[in-house]
>>> print(open('structure_17.tsv').read())   # TSV, C-alpha atoms
chain	number	residue	atom	x	y	z
Y	1	MET	CA	120.67	101.85	112.57
Y	2	GLU	CA	122.42	105.13	111.72
Y	3	SER	CA	122.58	107.93	114.28
Y	4	PRO	CA	120.60	111.06	113.32
Y	5	ASP	CA	123.77	113.11	113.83
Y	6	ASN	CA	125.41	111.24	110.95
Y	7	VAL	CA	122.59	111.84	108.46
Y	8	SER	CA	122.99	114.92	106.26
Y	9	SER	CA	119.37	114.82	105.11
Y	10	LYS	CA	116.40	112.54	105.59
Y	11	GLN	CA	113.05	112.43	103.85
Y	12	VAL	CA	110.08	112.50	106.20
Y	13	GLY	CA	106.43	112.23	105.30
Y	14	VAL	CA	103.92	113.89	107.60
Y	15	ARG	CA	100.33	115.08	107.51
Y	16	LEU	CA	99.93	118.73	108.42
Y	17	PRO	CA	96.93	120.10	110.28
Y	18	GLY	CA	94.82	122.30	108.03
Y	19	HIS	CA	95.77	125.57	109.71
Y	20	LEU	CA	99.49	124.87	109.23
Y	21	TYR	CA	99.00	123.79	105.63
Y	22	ARG	CA	97.06	126.99	104.82
Y	23	TRP	CA	99.70	129.12	106.57
Y	24	LEU	CA	102.54	127.49	104.60
Y	25	LYS	CA	100.52	127.61	101.36
Y	26	GLU	CA	100.04	131.37	101.82
Y	27	LYS	CA	103.82	131.73	102.07
Y	28	VAL	CA	104.23	129.83	98.79
Y	29	ASP	CA	101.45	131.79	97.09
Y	30	SER	CA	102.96	135.11	98.21
Y	31	GLY	CA	106.32	134.13	96.71
Y	32	GLU	CA	108.19	133.83	99.98
Y	33	TYR	CA	108.99	130.20	99.08
Y	34	SER	CA	109.00	128.45	95.72
Y	35	ASN	CA	107.14	125.33	96.90
Y	36	MET	CA	105.65	123.62	99.94
Y	37	ALA	CA	108.80	121.62	100.72
Y	38	GLN	CA	110.85	124.81	100.80
Y	39	SER	CA	108.29	126.49	103.07
Y	40	VAL	CA	108.35	123.59	105.55
Y	41	ILE	CA	112.16	123.51	105.60
Y	42	GLY	CA	112.43	127.29	105.86
Y	43	GLU	CA	109.95	127.64	108.70
Y	44	LEU	CA	111.41	124.71	110.65
Y	45	THR	CA	114.88	126.22	110.25
Y	46	LYS	CA	113.61	129.57	111.57
Y	47	ALA	CA	111.96	127.82	114.52
Y	48	ARG	CA	115.14	125.92	115.36
Y	49	THR	CA	117.22	129.10	115.19
Y	50	LEU	CA	114.79	130.92	117.47
Y	51	GLU	CA	114.86	128.02	119.92
Y	52	GLU	CA	118.67	128.07	120.01
Y	53	VAL	CA	118.72	131.85	120.53
Y	54	ARG	CA	116.18	131.60	123.34
Y	55	ARG	CA	118.18	128.84	125.00
Y	56	ARG	CA	121.31	131.03	124.92
Y	57	GLU	CA	119.33	134.02	126.20
Y	58	THR	CA	117.98	131.96	129.10
Y	59	LEU	CA	121.53	131.08	130.12
Y	60	GLN	CA	122.51	134.76	130.02
Y	61	TYR	CA	119.37	135.98	131.78
Y	62	ASP	CA	120.66	135.28	135.29
Y	63	VAL	CA	124.02	136.97	134.75
Y	64	GLY	CA	122.82	140.55	135.29
Y	65	GLU	CA	121.24	143.60	133.70
Y	66	GLU	CA	123.44	143.88	130.60
Y	67	PRO	CA	122.40	140.54	128.99
Y	68	LEU	CA	118.75	141.40	129.64
Y	69	ALA	CA	119.13	144.75	127.88
Y	70	ARG	CA	120.91	143.00	125.00
Y	71	MET	CA	118.11	140.43	124.78
Y	72	VAL	CA	115.47	143.18	124.59
Y	73	ASN	CA	117.44	145.04	121.92
Y	74	GLU	CA	117.89	141.85	119.88
Y	75	ARG	CA	114.14	141.14	120.04
Y	76	ILE	CA	113.34	144.70	118.98
Y	77	GLU	CA	115.81	144.42	116.10
Y	78	GLY	CA	114.29	141.09	115.03
Y	79	VAL	CA	110.78	142.55	114.99
Y	80	ARG	CA	112.06	145.58	113.07
Y	81	ARG	CA	113.65	143.34	110.42
Y	82	GLU	CA	110.49	141.24	110.10
Y	83	LEU	CA	108.37	144.37	109.63
Y	84	LEU	CA	110.75	145.75	107.00
Y	85	ASP	CA	110.68	142.42	105.15
Y	86	GLU	CA	106.88	142.41	105.24
Y	87	VAL	CA	106.75	145.97	103.87
Y	88	LYS	CA	109.14	144.99	101.04
Y	89	ARG	CA	107.02	141.90	100.21
Y	90	ARG	CA	103.82	143.95	100.08
Y	91	ARG	CA	105.41	146.58	97.82
Y	92	ALA	CA	106.69	143.94	95.40
>>> encode(input="structure_17.tsv", output="structure tokens")
Amino acid sequence: MESPDNVSSKQVGVRLPGHLYRWLKEKVDSGEYSNMAQSVIGELTKARTLEEVRRRETLQYDVGEEPLARMVNERIEGVRRELLDEVKRRRA
């Protein structure tokens, strides 16, 4: 059997709980994604990126005050970007 690290892409079939399906469908309906597959891939990619960032932040957390201040600033910047994107989507 092939190692997952050697697979560039793999098709997976899953059943989504209703609340997740409706959430992703809203993203498609609002134009954020062109179809359900894109919305699943996009949101999983965002989740993975956030997990990796949090893991790195956790490693830096114990180093001292400066990484903590940087972490807070990065979070604030992320929220700011999300809010700006939401405002742009609503205006469009």
>>> closest_atom_pairs(input="structure_17.tsv", of="range 21-67 of chain Y", to="range 72-91 of chain Y", cutoff="9 Å", atoms="only C-alpha atoms", output="CSV")
residue,atom,partner,partner_atom,distance
Y:Ser30,CA,Y:Arg89,CA,8.2
Y:Gly31,CA,Y:Arg89,CA,8.6
Y:Glu32,CA,Y:Arg89,CA,8.2
Y:Pro67,CA,Y:Val72,CA,8.6
>>> residues_around(input="structure_17.tsv", residues="Glu43 in chain Y", least_positions_apart="5", cutoff="9 Å", atoms="only C-alpha atoms", output="PDB file with C-alpha atoms, keeping the file's coordinate frame")
ATOM      1  CA  LEU Y  24     102.540 127.490 104.600  1.00  0.00           C
ATOM      2  CA  GLN Y  38     110.850 124.810 100.800  1.00  0.00           C
ATOM      3  CA  ARG Y  48     115.140 125.920 115.360  1.00  0.00           C
TER       4      ARG Y  48
END
>>> closest_residue(input="structure_17.tsv", among="Y:Thr45, Y:Arg70, Y:Ala37, Y:Arg55", to="Gln11 in chain Y", atoms="all atoms listed in the file")
Y:Ala37
>>> atom_distance(input="structure_17.tsv", atom1="CA of Val7 in chain Y", atom2="CA of Val40 in chain Y")
18.7 Å
